[in-house]
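For reference, the structure is listed below as structure tokens.
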Amino acid sequence: MGLVGLAAAISRCDLSIQGRLVSVELLHGAIRPYAWGSHSAIAALQGRPEPTQRPEAELWLGDHPRDPAMLEDGRSLADLISADPVMTLGTDSLERYGQRLPFLLKVLAAQEPLSLQAHPDSEQAADGFARQTREGVPLDAPQRSYVDVHHKPELLCAVTRFEALCGFRPPSEAADAIERLKVDELSCLVAVLRQDDEAQALREAMTTLLTLPVDHRTRLVAAAVASATDLAEAGPDAADYAMVVRLGTRYPHDSGALVALLLNHLFLEPGDAIYMPAGNLHAYLGGVGIEVMAASDNVLRGGLTDKHVDVPELLRVLRFEVMAEPRFPAVEPTPGLRQWSVPVPEFALWRLRLDDEVTEQELHSEGAMIILCWSGDLRIDDGERSLTLRPGQGAFIPAGVGKVFTTGTGESYCAGVGAGR
């Protein structure tokens, strides 16, 4: 049977004698004060005074060791899981991912642009973590890129209008955009982007831009910003050039403003989502969204940041392929319920809307779930215990409770283990 199977059998026996040992739990998320964060969005969501003294960039709801959510009794979510991993996580999740939640749910509030970044796949993460550990790089060192052995695919769903860069666009389109800047020194880059082999074009262009000497890229960015200022005033691509001006002005010594023209530039409306698989170059430029990801904090940065940048490692993990459609579709299995099922098994995301017409939703996952109330009031009932959540409050739904019923009004978001692929 194995240890996990034996533990599951013992837990089922305990249930039959004592009644269910787990129930829904109120969660208090951890706020991460990154410099690019908003001074108002998360505070407004939680009904706190705003603006806040320091930026609040992310609200984490999960058991990630860097900032686990807390329960009402003062324990962390990690403590709750370790006390009964079978009933909190479920046998399947425990066997596949170990004694941890395989996903992390976040509120992301970007007042300023985030870094150009990508995330490794599972093999790259394991290799990178082992390598940096052998090299003696402390886990909390600023130059440490690999802080765990897990991959980090992620999905972002816009709650407000959200501006983002996601995936490479066709290099011929990037060539057109750069050519219109009429910067002579960029003509070689335009020629690189016009070659027939798209993957090679993207690889050479990225390598060129990210490895330029500082004085050279400073000069190029200044010239690009000067030209883009006029192009940003009108025309179908005005938003792209306004972005170049904004990024180049903020980071005048960083070629990220030019790299941005190689990427899909998106304005997501509320309810739109983008999915970032391993090796996908992306950056968030502004807005508020719900983000769910495989539970990892591995980030490889290439620019547009004051944090550690590791260009060689970023170039090694990037996938130089065109992303024709960055937006990720949702399905609506029932009225009021929208679901994003990504092509990895660690997570899925649901949006619930309850009103006079849709008064109840049933939720069920193969493992644990975390739910966040965004607006209105949300009542969660697992058959033995019920909680009422206000905006900004979250709850943990252990695997052992089976299904739960939600009633109330407003909008909520729920993350859970995916169906498996």
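In the structure tokens, chains take the letters A, B, ... in the order shown, each chain's residues start at 1, and ligands count up from 1 in the order shown.
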Quick one: everything within 9 Å of A:Leu387, counting only C-alpha atoms, minus sequence neighbours fewer than 3 positions away in the same chain. Send it as a compact mmCIF listing (two decimals) with N, CA, C and O atoms, in the first residue's frame.
```txt
# COMPACT_ATOMS: atom_id res chain seq x y z
N VAL A 24 -13.35 24.14 6.23
CA VAL A 24 -12.88 25.38 5.61
C VAL A 24 -12.28 26.29 6.67
O VAL A 24 -12.72 26.31 7.82
N GLU A 25 -11.22 27.02 6.28
CA GLU A 25 -10.49 27.87 7.22
C GLU A 25 -10.30 29.26 6.62
O GLU A 25 -9.93 29.40 5.45
N LEU A 26 -10.55 30.29 7.44
CA LEU A 26 -10.29 31.66 7.02
C LEU A 26 -8.79 31.88 6.89
O LEU A 26 -8.01 31.43 7.74
N LEU A 378 -19.39 36.54 0.26
CA LEU A 378 -19.35 35.16 -0.19
C LEU A 378 -19.48 34.23 1.01
O LEU A 378 -18.66 34.27 1.92
N ARG A 379 -20.50 33.39 0.98
CA ARG A 379 -20.68 32.40 2.05
C ARG A 379 -20.27 31.04 1.51
O ARG A 379 -20.73 30.60 0.47
N ILE A 380 -19.38 30.37 2.25
CA ILE A 380 -18.87 29.05 1.88
C ILE A 380 -19.37 28.05 2.91
O ILE A 380 -19.18 28.24 4.11
N ASP A 381 -19.98 26.98 2.44
CA ASP A 381 -20.54 25.96 3.34
C ASP A 381 -20.00 24.60 2.91
O ASP A 381 -20.19 24.18 1.77
N ALA A 395 -10.08 31.98 1.90
CA ALA A 395 -10.36 30.77 2.68
C ALA A 395 -9.65 29.58 2.04
O ALA A 395 -9.49 29.51 0.82
```
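With only C-alpha atoms as the atoms that count, the minimum distance from A:Val311 to the choices A:Met369, A:Ala118, A:Ala141, A:Ala294 is reached by A:Ala118.
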Would you give me, as a ChimeraX atom specification, the residues in stretch 210-242 of chain A that DSSP reads as alpha helix (DSSP H)?
/A:210,214-231,238-242
Which neighbours of A:Ala109 fall inside 8 Å, counting only C-alpha atoms, when residues of the same chain fewer than 2 positions from it are skipped, and could you give them as number ranges by chain?
A: 37-38, 41-42, 56-58, 107, 111, 286-289
So that I have them on file, write out the residues from the current selection with N, CA, C and O atoms, as a PDB file, in the first residue's frame.
```pdb
ATOM      1  N   GLY A  37       4.875  48.109  -6.713  1.00  0.00           N
ATOM      2  CA  GLY A  37       3.494  47.899  -6.295  1.00  0.00           C
ATOM      3  C   GLY A  37       2.681  49.164  -6.148  1.00  0.00           C
ATOM      4  O   GLY A  37       3.196  50.287  -6.119  1.00  0.00           O
ATOM      5  N   SER A  38       1.381  48.979  -5.997  1.00  0.00           N
ATOM      6  CA  SER A  38       0.420  50.070  -5.841  1.00  0.00           C
ATOM      7  C   SER A  38       0.344  50.503  -4.371  1.00  0.00           C
ATOM      8  O   SER A  38       0.517  49.695  -3.459  1.00  0.00           O
ATOM      9  N   ALA A  41      -4.331  49.789  -4.351  1.00  0.00           N
ATOM     10  CA  ALA A  41      -5.211  48.737  -4.870  1.00  0.00           C
ATOM     11  C   ALA A  41      -5.529  47.656  -3.839  1.00  0.00           C
ATOM     12  O   ALA A  41      -6.699  47.303  -3.634  1.00  0.00           O
ATOM     13  N   ILE A  42      -4.524  47.094  -3.192  1.00  0.00           N
ATOM     14  CA  ILE A  42      -4.776  46.010  -2.236  1.00  0.00           C
ATOM     15  C   ILE A  42      -5.444  46.559  -0.985  1.00  0.00           C
ATOM     16  O   ILE A  42      -6.350  45.928  -0.415  1.00  0.00           O
ATOM     17  N   GLU A  56       2.364  48.178  -2.035  1.00  0.00           N
ATOM     18  CA  GLU A  56       1.890  46.814  -1.794  1.00  0.00           C
ATOM     19  C   GLU A  56       1.687  46.170  -3.157  1.00  0.00           C
ATOM     20  O   GLU A  56       0.743  46.487  -3.878  1.00  0.00           O
ATOM     21  N   ALA A  57       2.591  45.259  -3.513  1.00  0.00           N
ATOM     22  CA  ALA A  57       2.630  44.728  -4.872  1.00  0.00           C
ATOM     23  C   ALA A  57       1.830  43.452  -5.037  1.00  0.00           C
ATOM     24  O   ALA A  57       1.150  43.262  -6.049  1.00  0.00           O
ATOM     25  N   GLU A  58       1.923  42.543  -4.064  1.00  0.00           N
ATOM     26  CA  GLU A  58       1.281  41.234  -4.184  1.00  0.00           C
ATOM     27  C   GLU A  58       0.682  40.810  -2.852  1.00  0.00           C
ATOM     28  O   GLU A  58       1.259  41.056  -1.787  1.00  0.00           O
ATOM     29  N   VAL A 107      -2.920  38.173  -5.549  1.00  0.00           N
ATOM     30  CA  VAL A 107      -3.412  39.419  -6.131  1.00  0.00           C
ATOM     31  C   VAL A 107      -2.171  40.202  -6.533  1.00  0.00           C
ATOM     32  O   VAL A 107      -1.254  40.383  -5.732  1.00  0.00           O
ATOM     33  N   GLN A 111       1.758  49.148 -10.129  1.00  0.00           N
ATOM     34  CA  GLN A 111       1.681  50.582 -10.414  1.00  0.00           C
ATOM     35  C   GLN A 111       2.792  51.003 -11.370  1.00  0.00           C
ATOM     36  O   GLN A 111       2.649  51.956 -12.136  1.00  0.00           O
ATOM     37  N   GLY A 286       1.290  47.330 -15.928  1.00  0.00           N
ATOM     38  CA  GLY A 286       0.412  48.099 -15.064  1.00  0.00           C
ATOM     39  C   GLY A 286      -0.976  47.506 -14.993  1.00  0.00           C
ATOM     40  O   GLY A 286      -1.493  46.988 -15.982  1.00  0.00           O
ATOM     41  N   GLY A 287      -1.577  47.575 -13.799  1.00  0.00           N
ATOM     42  CA  GLY A 287      -2.933  47.071 -13.609  1.00  0.00           C
ATOM     43  C   GLY A 287      -3.023  46.139 -12.423  1.00  0.00           C
ATOM     44  O   GLY A 287      -2.042  45.869 -11.732  1.00  0.00           O
ATOM     45  N   VAL A 288      -4.243  45.656 -12.185  1.00  0.00           N
ATOM     46  CA  VAL A 288      -4.514  44.743 -11.078  1.00  0.00           C
ATOM     47  C   VAL A 288      -5.063  43.443 -11.648  1.00  0.00           C
ATOM     48  O   VAL A 288      -5.937  43.465 -12.532  1.00  0.00           O
ATOM     49  N   GLY A 289      -4.537  42.331 -11.174  1.00  0.00           N
ATOM     50  CA  GLY A 289      -4.989  41.044 -11.677  1.00  0.00           C
ATOM     51  C   GLY A 289      -4.891  39.961 -10.623  1.00  0.00           C
ATOM     52  O   GLY A 289      -4.283  40.138  -9.562  1.00  0.00           O
TER      53      GLY A 289
END
```
Could you check how far atom CA of A:Asp63 sits from atom CA of A:Pro113, in Å to one decimal?
26.6 Å
